[in-house]
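Have a look at the structure below, then the notes.
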Amino acid sequence: MQPFTTLNGLVAPMDRANVDTDAIIPKQFLKSIKRTGYGPFLFDEWRYEDRGEPEMDCTNRPKRADFVLNQPRYQGAQILLARENFGCGSSREHAPWAILDCGFTCVIAPSFADIFYNNCFKNGILPIVLDDAIVDQLFKECAAAEGYALNVDLDAQTVSTPLGQSFSFDIDAFRKHCLLNGLDDIGLTLQDSDAISSYEADRKQAAPWLF
Amino acid sequence: MGQTLFDKVWQQHVVKENDDGSMLLYIDRHLVHEVTSPQAFEGLRLAGRKPWKISATVATPDHNVPTTDRALGITDVVSRTQVEALDANCEEFGITEFGMNDIRQGVVHVMGPEQGLILPGMTVVCGDSHTSTHGAFGSIAMGIGTSEVEHVLATQCLIQKKPKVMRISVNGALPAGITGKDVALFIIGKIGTAGGTGYALEFAGEAIMALSMEGRMSLCNMAIEAGARCGMVAVDDATISYVKDRPYSPKAEEWQKAEAMWRELYSDADARFDAELVYNASEIVPQVSWGTSPEMVLPVTASIPDLATAKDEVQREGWSRALAYMGLKENTPIAEISIDKVFIGSCTNGRIEDFRAAAAVVKGKKVAANVKLALAVPGSGLVKQQAEAEGLDLIFTEAGFEWREPGCSMCLAMNADRLEPGERCASTSNRNFEGRQGMGGRTHLVSPAMAAAAGIAGHFVDIRDWS
Ligand code: SF4
C-alpha cells in the first residue's frame, strides 16, 4: 500500500448526497477477479451514454458532457469532494479500488458510510470528514475557481484552501499510523499471534462447539 | 450497571485492546462468496499466508449463478471465471464450499442460518453488507470489504472500534399483513439511510419478539440500509428452536452447555443505550419504496411526495432526481403505480415463509396482462426443495410466475435476470438504487405478499384489502 503523507491536489466536486457504491462502480464490474483496472469505469452509468462492460476499451465510448469527471477542468483531480453519506450501500471494495485507480487518494465529505470509510484506509485513500458548512463552502469555492486545489496534511490533520484557510479533521490514531507508513495491517495483527492463540485456548474451554 | 446484548457478545470476542481504543476482535464464522473473495485469496497467496482457522469459513457461489437450468453451466464467461475461481480457491485452501450443484447452495445469508452455521452469540463476517442478517440470532454480524476478508482469513480477527449502540423498540402487536420487511422499511423511512451510521442496532419490543426467525432475519438484513453495520435481536425460545438440530449446530452435551450460555443473550433491564427510539406497531402500514434510496419509502396508502414538502435543498434535489429516474410524478397515489416485473427472492425475502406468504396471495389467480415477467427465486436449494414439497412451485407457475434455481438473481442483476431500461419492478429485495436491478431499471421495495399482489393486480395494492 502507498503511504499517504501530504497532498496538494486538484478537487473534483461530486455534488449529490447518498452516493452509493452501486453508482461508484456498477455491479457488472464486480465480476473481475483483479484489484486494478476499475478506474475507467468509476461512476460508469453517470459518466457514459452506453452501458459499460468489464474489460471494455473506454477511449471511444460516448461520454455525458455534463458529468463532472468528464469536464476538462477536473482532469487529473486527486481529491473528490462529496456530500453526506458517501459510499453507502454494498461493501464492495471495488468502489475504493475504482476511486484510487482513477487517481483519487482523498475523499472529503460531511459523512461516510461505515464500510466504505473503512475500505478506503485499506487502500491508501484518506477519507476526511468535515462539517457540513465547511464542505458547503468548499463546494462553492471549487465551483468559483478553475484549478481549485486543496492541501491535505495527514500528519497535521489539516485541509488548507488556496486562500490559506485551514480546517482540522479527526482521524483514528491507528489508522493514521498505518496510512502514513503504508502499513499492511495483516502483518501487524500477526504480531499478536500469541494473543490470538491464547484467546482461542480459553474460548475452546468455554464454548467448545465453536471449534 | 447492566450490559446490552451487543456489549455481552462483543466482550466475549475481544482478543486485545490497543492503546488507541481499537480492538482485535475474534471472528467465529466467516461466510465467503465469489464476488468479494478472489482478491483476498490472491493476497494470501502473494504473501505466502495460510488461513488461520479453516473450519471457521464456509463458502458458496450466489451472485453470479444462473437461475435457469444449471446443467448448462454458466454461459457468461466472466461470471463463470469468478465462480470457478471460488471453487479453485476453496479447494486450494481446504475451505468447505457448497458448490453450484449442491442442494445446500444458496444466497450466503440464507444458506448460513439454514445449515446452523450461524449460532447465537457468534461474531459473523462476510464480504457482503447484508451480513447484518445474522444479527437475528443475537450475534454480531458485519459486512466487510475484501481487504478485511483477507485479514480475517489470515488472522481470524478484525481490527474494530466499538460502535455505539442504539435500541429501536417496536411496541404492541403488528397488524395483520405487516411483516418484518415492512418494519424494516418503516424504520428506515423514519431514521434515514444514515440514521444508524456509527451504531450497532438492537431491535426490541413485543412486535419484534413476536416475529419468526425468518421475519427477524428480514429485519436485521436491512439494518445496513439504515447505515448501521449490524442489527441484533435478543435470544429467546424462537432462536433456540430454530437453531436446534441444524447440520452444524452443537449436539448432545455441547448443546446443553451452549443453550445455557445463549439464554443469557439479551440486554439487561438496566442496560444503558447510546440512543433509543420507540415506535408503536399499530402505526405500521404496508410499505412501498418510491425512490432511489430505501429511505424514500411510504405507506401503500400514501401518495408520492410533493417537492415543496422536502426538508431542505439537498433533500429536494435528491427527491427531484429520484422522481425523474423513477418516471414518477409528485402526488401520484402509490396504488396507481403499475408495474412491469415482479421479483420475489433475495437474502431479505428468499426463505420458505416468504414463498408461503406470496403463494397464498397468488393461489388460483393469474399474473396481470401488463406484467411481463414474474420471478420466484428461492434463496437456497433447500428452500426450493421445501417449497416444492409443499406444492408452492405449482401455485406460482399456474399463476404465471417463473420458478427458478436459487441465487441472488434480480436482486442485483449480476446474472441474466435483470430489468431493462425504464422497467418498473415490485421487488422483495433490499436496494432500490439507480441501476441496481439493471441499467435504467426502477425498483419498488415491498414485502413478498405485497409483491405477489402487485403481480396479480398489475399495480400496487394494499395487502390488507386482499381477498
Ligand atoms: S440477495 Fe442481493 S443483497 Fe443479498 S447477498 Fe445477494 S445480491 Fe446481496
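If you're wondering about the labels, chains in the C-alpha cells are A, B, ... by order shown, residues count from 1 in each chain, ligands from 1 in order shown.
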- Extract the full set of alpha helix (DSSP H) residues from segment 382-457 of chain B according to DSSP on the backbone, and format it as a PyMOL selection string. chain B and resi 382-389+392-399+448-457
- What are the residues of chain A that have an atom within 8 Å of an atom of chain B, counting only C-alpha atoms, as a ChimeraX atom specification? /A:16-17,20,22-23,26-28,30-35,45,51,85,88-93,113-116,119,122,172-174,185-186,189-190,193,195-196,199,207-211
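Proximity of B:Pro163, B:Gly112, B:Gly458, B:Pro299 to ligand 1, computed with only C-alpha atoms and all ligand atoms, is greatest for B:Gly112.
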Would you pick out the contacts of Phe203 of chain B at 7 Å or less, using only C-alpha atoms, so that residues sharing its chain but fewer than 3 positions from it are not included, and give the list as a compact mmCIF listing (two decimals) with N, CA and C atoms, in the first residue's frame?
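Final output, saved to around.txt:
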```txt
# COMPACT_ATOMS: atom_id res chain seq x y z
N ARG B 167 -30.98 1.27 20.60
CA ARG B 167 -32.08 0.31 20.67
C ARG B 167 -33.31 0.90 19.99
N ILE B 168 -33.88 0.13 19.09
CA ILE B 168 -35.11 0.55 18.42
C ILE B 168 -36.20 -0.42 18.85
N SER B 169 -37.16 0.08 19.61
CA SER B 169 -38.22 -0.79 20.09
C SER B 169 -39.49 -0.55 19.30
N ILE B 208 -41.27 -7.05 17.71
CA ILE B 208 -40.07 -7.68 17.16
C ILE B 208 -39.95 -9.12 17.68
N GLY B 231 -27.34 -5.23 13.05
CA GLY B 231 -28.59 -5.13 13.79
C GLY B 231 -28.75 -6.44 14.54
N MET B 232 -29.32 -6.40 15.72
CA MET B 232 -29.43 -7.62 16.51
C MET B 232 -30.80 -7.76 17.14
N VAL B 233 -31.14 -9.00 17.48
CA VAL B 233 -32.34 -9.29 18.25
C VAL B 233 -31.91 -10.25 19.36
```
- Item | Distance in Å - atom CA of Ser168 of chain A versus atom CA of Leu80 of chain A |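 Distance reported for this atom pair: 17.4 Å.
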- Query: Can you list, as a ChimeraX atom specification, every protein, DNA or RNA residue that comes within 9 Å of segment 132-148 of chain A when you count only C-alpha atoms, leaving out same-chain residues fewer than 5 positions away?
  - Reply: /A:9-15,73-74,81-84,108-111,161-162,167
Print the selection's residues with N, CA, C and O atoms to a file, as an mmCIF file, in the first residue's frame.
```cif
data_model
loop_
_atom_site.group_PDB
_atom_site.id
_atom_site.type_symbol
_atom_site.label_atom_id
_atom_site.label_comp_id
_atom_site.auth_asym_id
_atom_site.auth_seq_id
_atom_site.Cartn_x
_atom_site.Cartn_y
_atom_site.Cartn_z
ATOM 1 N N GLY A 9 -3.760 18.693 -4.121
ATOM 2 C CA GLY A 9 -4.420 18.107 -5.275
ATOM 3 C C GLY A 9 -5.619 18.879 -5.767
ATOM 4 O O GLY A 9 -6.326 19.551 -5.005
ATOM 5 N N LEU A 10 -5.832 18.763 -7.074
ATOM 6 C CA LEU A 10 -6.990 19.357 -7.736
ATOM 7 C C LEU A 10 -8.252 18.679 -7.193
ATOM 8 O O LEU A 10 -8.268 17.476 -6.954
ATOM 9 N N VAL A 11 -9.314 19.470 -7.028
ATOM 10 C CA VAL A 11 -10.553 18.956 -6.435
ATOM 11 C C VAL A 11 -11.630 18.769 -7.490
ATOM 12 O O VAL A 11 -11.855 19.650 -8.320
ATOM 13 N N ALA A 12 -12.300 17.618 -7.464
ATOM 14 C CA ALA A 12 -13.470 17.401 -8.322
ATOM 15 C C ALA A 12 -14.703 17.295 -7.422
ATOM 16 O O ALA A 12 -14.707 16.531 -6.467
ATOM 17 N N PRO A 13 -15.740 18.089 -7.700
ATOM 18 C CA PRO A 13 -16.928 18.081 -6.840
ATOM 19 C C PRO A 13 -17.982 17.070 -7.288
ATOM 20 O O PRO A 13 -18.372 17.041 -8.451
ATOM 21 N N MET A 14 -18.431 16.243 -6.363
ATOM 22 C CA MET A 14 -19.498 15.280 -6.658
ATOM 23 C C MET A 14 -20.685 15.732 -5.823
ATOM 24 O O MET A 14 -20.828 15.336 -4.670
ATOM 25 N N ASP A 15 -21.490 16.597 -6.411
ATOM 26 C CA ASP A 15 -22.493 17.304 -5.622
ATOM 27 C C ASP A 15 -23.816 16.537 -5.488
ATOM 28 O O ASP A 15 -24.856 16.978 -5.970
ATOM 29 N N ARG A 73 -11.880 20.763 -16.893
ATOM 30 C CA ARG A 73 -11.252 21.433 -15.747
ATOM 31 C C ARG A 73 -10.973 20.488 -14.576
ATOM 32 O O ARG A 73 -10.197 20.821 -13.680
ATOM 33 N N TYR A 74 -11.614 19.333 -14.570
ATOM 34 C CA TYR A 74 -11.382 18.416 -13.444
ATOM 35 C C TYR A 74 -10.468 17.239 -13.789
ATOM 36 O O TYR A 74 -10.295 16.320 -12.997
ATOM 37 N N LEU A 81 -14.587 15.748 -3.722
ATOM 38 C CA LEU A 81 -15.378 16.459 -2.724
ATOM 39 C C LEU A 81 -16.804 15.928 -2.825
ATOM 40 O O LEU A 81 -17.382 15.919 -3.908
ATOM 41 N N ALA A 82 -17.366 15.475 -1.707
ATOM 42 C CA ALA A 82 -18.656 14.795 -1.792
ATOM 43 C C ALA A 82 -19.614 15.267 -0.711
ATOM 44 O O ALA A 82 -19.238 16.022 0.187
ATOM 45 N N ARG A 83 -20.840 14.806 -0.813
ATOM 46 C CA ARG A 83 -21.882 15.175 0.155
ATOM 47 C C ARG A 83 -22.090 14.058 1.180
ATOM 48 O O ARG A 83 -21.414 13.030 1.143
ATOM 49 N N GLU A 84 -23.106 14.223 2.014
ATOM 50 C CA GLU A 84 -23.302 13.308 3.141
ATOM 51 C C GLU A 84 -23.544 11.853 2.741
ATOM 52 O O GLU A 84 -24.071 11.578 1.667
ATOM 53 N N ILE A 108 -13.343 13.950 0.519
ATOM 54 C CA ILE A 108 -13.801 14.810 1.613
ATOM 55 C C ILE A 108 -15.319 14.861 1.581
ATOM 56 O O ILE A 108 -15.907 15.109 0.525
ATOM 57 N N ALA A 109 -15.951 14.616 2.724
ATOM 58 C CA ALA A 109 -17.410 14.644 2.792
ATOM 59 C C ALA A 109 -17.858 14.940 4.218
ATOM 60 O O ALA A 109 -17.083 14.759 5.162
ATOM 61 N N PRO A 110 -19.105 15.362 4.396
ATOM 62 C CA PRO A 110 -19.609 15.589 5.759
ATOM 63 C C PRO A 110 -19.807 14.285 6.515
ATOM 64 O O PRO A 110 -19.746 14.248 7.740
ATOM 65 N N SER A 111 -20.062 13.186 5.784
ATOM 66 C CA SER A 111 -20.160 11.875 6.431
ATOM 67 C C SER A 111 -19.989 10.771 5.394
ATOM 68 O O SER A 111 -20.230 10.982 4.200
ATOM 69 N N THR A 161 -7.083 25.651 2.248
ATOM 70 C CA THR A 161 -7.590 26.161 0.976
ATOM 71 C C THR A 161 -6.547 27.073 0.332
ATOM 72 O O THR A 161 -5.616 27.530 0.996
ATOM 73 N N PRO A 162 -6.722 27.379 -0.974
ATOM 74 C CA PRO A 162 -5.758 28.254 -1.643
ATOM 75 C C PRO A 162 -5.672 29.630 -0.984
ATOM 76 O O PRO A 162 -4.670 30.313 -1.092
ATOM 77 N N PHE A 167 -8.549 23.908 7.934
ATOM 78 C CA PHE A 167 -9.533 23.192 8.752
ATOM 79 C C PHE A 167 -8.895 21.914 9.275
ATOM 80 O O PHE A 167 -8.223 21.206 8.530
#
```
- Task: Could you give me, as a PyMOL selection string, each residue of chain A that DSSP assigns to strand (DSSP E) when run on this structure's backbone?
- Result: chain A and resi 6-14+79-82+106-109+126-129+149-153+158-160+166-168
- Separation of atom CA of Glu91 of chain B and atom CA of Leu44 of chain B, in Å?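 Atom CA of Glu91 of chain B sits 14.2 Å away from atom CA of Leu44 of chain B.
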- Could you state the separation of atom CA of Ala176 of chain B and atom CA of Arg464 of chain B in Å, given to one decimal place?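 These atoms are spaced 7.1 Å apart.
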- Go through B:Leu323, B:Ala136, B:Met209, B:Val362 one by one, measure the shortest atom-to-atom distance of each to Met222 of chain B using only C-alpha atoms, and give the residue with the smallest value.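 Of B:Leu323, B:Ala136, B:Met209, B:Val362, the one nearest Met222 of chain B is B:Ala136, counting only C-alpha atoms.
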- Message: Just checking: using only C-alpha atoms and all ligand atoms, which residue out of B:Met410, B:Leu46, B:Ala324, B:Leu445 ends up closest to ligand 1?
- Response: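 Counting only C-alpha atoms and all ligand atoms, the residue closest to ligand 1 is B:Met410.
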- Item | All residues 8 Å or closer to Cys425 of chain B, only C-alpha atoms, same chain fewer than 5 positions away omitted, as a list in words | Ile339, Asp340, Lys341, Val342, Phe343, Leu419, Gly441, Arg442, Thr443 and His444 of chain B
If you keep all heavy atoms, can you produce a file of those selected residues as an mmCIF file, in the first residue's frame?
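Ended up saving to again_23.cif:
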```cif
data_model
loop_
_atom_site.group_PDB
_atom_site.id
_atom_site.type_symbol
_atom_site.label_atom_id
_atom_site.label_comp_id
_atom_site.auth_asym_id
_atom_site.auth_seq_id
_atom_site.Cartn_x
_atom_site.Cartn_y
_atom_site.Cartn_z
ATOM 1 N N ILE B 339 -46.842 -1.850 -12.678
ATOM 2 C CA ILE B 339 -45.508 -2.445 -12.733
ATOM 3 C C ILE B 339 -45.325 -3.331 -13.962
ATOM 4 O O ILE B 339 -46.305 -3.744 -14.586
ATOM 5 C CB ILE B 339 -45.241 -3.298 -11.463
ATOM 6 C CG1 ILE B 339 -46.328 -4.385 -11.337
ATOM 7 C CG2 ILE B 339 -45.208 -2.443 -10.221
ATOM 8 C CD1 ILE B 339 -45.915 -5.512 -10.443
ATOM 9 N N ASP B 340 -44.061 -3.600 -14.304
ATOM 10 C CA ASP B 340 -43.740 -4.450 -15.454
ATOM 11 C C ASP B 340 -43.224 -5.818 -15.036
ATOM 12 O O ASP B 340 -43.330 -6.788 -15.768
ATOM 13 C CB ASP B 340 -42.651 -3.781 -16.311
ATOM 14 C CG ASP B 340 -43.051 -2.382 -16.733
ATOM 15 O OD1 ASP B 340 -44.114 -2.252 -17.359
ATOM 16 O OD2 ASP B 340 -42.315 -1.421 -16.400
ATOM 17 N N LYS B 341 -42.579 -5.871 -13.879
ATOM 18 C CA LYS B 341 -41.974 -7.139 -13.443
ATOM 19 C C LYS B 341 -42.147 -7.314 -11.935
ATOM 20 O O LYS B 341 -42.360 -6.337 -11.207
ATOM 21 C CB LYS B 341 -40.485 -7.181 -13.800
ATOM 22 C CG LYS B 341 -40.242 -7.372 -15.306
ATOM 23 C CD LYS B 341 -38.767 -7.510 -15.660
ATOM 24 C CE LYS B 341 -38.623 -7.850 -17.149
ATOM 25 N NZ LYS B 341 -37.250 -7.767 -17.648
ATOM 26 N N VAL B 342 -42.035 -8.554 -11.514
ATOM 27 C CA VAL B 342 -42.092 -8.862 -10.082
ATOM 28 C C VAL B 342 -40.888 -9.741 -9.752
ATOM 29 O O VAL B 342 -40.548 -10.652 -10.525
ATOM 30 C CB VAL B 342 -43.374 -9.667 -9.729
ATOM 31 C CG1 VAL B 342 -43.397 -10.012 -8.238
ATOM 32 C CG2 VAL B 342 -44.623 -8.900 -10.102
ATOM 33 N N PHE B 343 -40.248 -9.449 -8.649
ATOM 34 C CA PHE B 343 -39.151 -10.316 -8.200
ATOM 35 C C PHE B 343 -39.375 -10.708 -6.743
ATOM 36 O O PHE B 343 -39.426 -9.846 -5.863
ATOM 37 C CB PHE B 343 -37.801 -9.604 -8.346
ATOM 38 C CG PHE B 343 -36.660 -10.360 -7.719
ATOM 39 C CD1 PHE B 343 -36.302 -11.623 -8.181
ATOM 40 C CD2 PHE B 343 -35.936 -9.823 -6.653
ATOM 41 C CE1 PHE B 343 -35.253 -12.345 -7.587
ATOM 42 C CE2 PHE B 343 -34.889 -10.524 -6.057
ATOM 43 C CZ PHE B 343 -34.553 -11.788 -6.531
ATOM 44 N N LEU B 419 -33.724 -5.987 -15.034
ATOM 45 C CA LEU B 419 -34.718 -5.086 -15.613
ATOM 46 C C LEU B 419 -34.107 -4.431 -16.838
ATOM 47 O O LEU B 419 -32.901 -4.162 -16.878
ATOM 48 C CB LEU B 419 -35.094 -3.985 -14.618
ATOM 49 C CG LEU B 419 -35.737 -4.415 -13.305
ATOM 50 C CD1 LEU B 419 -36.047 -3.188 -12.453
ATOM 51 C CD2 LEU B 419 -37.015 -5.216 -13.563
ATOM 52 N N GLY B 441 -33.360 0.489 -14.688
ATOM 53 C CA GLY B 441 -34.483 -0.219 -14.062
ATOM 54 C C GLY B 441 -35.009 0.546 -12.851
ATOM 55 O O GLY B 441 -34.267 1.258 -12.190
ATOM 56 N N ARG B 442 -36.308 0.406 -12.591
ATOM 57 C CA ARG B 442 -36.947 1.124 -11.488
ATOM 58 C C ARG B 442 -37.485 0.131 -10.464
ATOM 59 O O ARG B 442 -38.357 -0.672 -10.768
ATOM 60 C CB ARG B 442 -38.095 1.976 -12.033
ATOM 61 C CG ARG B 442 -37.593 3.056 -12.987
ATOM 62 C CD ARG B 442 -38.695 3.570 -13.870
ATOM 63 N NE ARG B 442 -38.219 4.728 -14.634
ATOM 64 C CZ ARG B 442 -38.869 5.250 -15.660
ATOM 65 N NH1 ARG B 442 -40.013 4.724 -16.060
ATOM 66 N NH2 ARG B 442 -38.364 6.291 -16.290
ATOM 67 N N THR B 443 -36.944 0.213 -9.258
ATOM 68 C CA THR B 443 -37.262 -0.767 -8.223
ATOM 69 C C THR B 443 -38.160 -0.192 -7.145
ATOM 70 O O THR B 443 -37.903 0.911 -6.647
ATOM 71 C CB THR B 443 -35.948 -1.214 -7.548
ATOM 72 O OG1 THR B 443 -35.086 -1.729 -8.556
ATOM 73 C CG2 THR B 443 -36.213 -2.268 -6.486
ATOM 74 N N HIS B 444 -39.189 -0.940 -6.779
ATOM 75 C CA HIS B 444 -40.001 -0.585 -5.607
ATOM 76 C C HIS B 444 -39.868 -1.723 -4.613
ATOM 77 O O HIS B 444 -40.207 -2.870 -4.920
ATOM 78 C CB HIS B 444 -41.471 -0.416 -5.990
ATOM 79 C CG HIS B 444 -41.712 0.749 -6.903
ATOM 80 N ND1 HIS B 444 -41.987 2.014 -6.443
ATOM 81 C CD2 HIS B 444 -41.701 0.843 -8.257
ATOM 82 C CE1 HIS B 444 -42.154 2.836 -7.473
ATOM 83 N NE2 HIS B 444 -41.978 2.152 -8.587
#
```
- Query: With only C-alpha atoms and all ligand atoms as the basis for distance, which of B:Ser429, B:Ala322, B:Arg45, B:Asp102 is at the shortest distance from ligand 1?
  - Reply: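 Smallest separation from ligand 1 among the options: B:Ser429.
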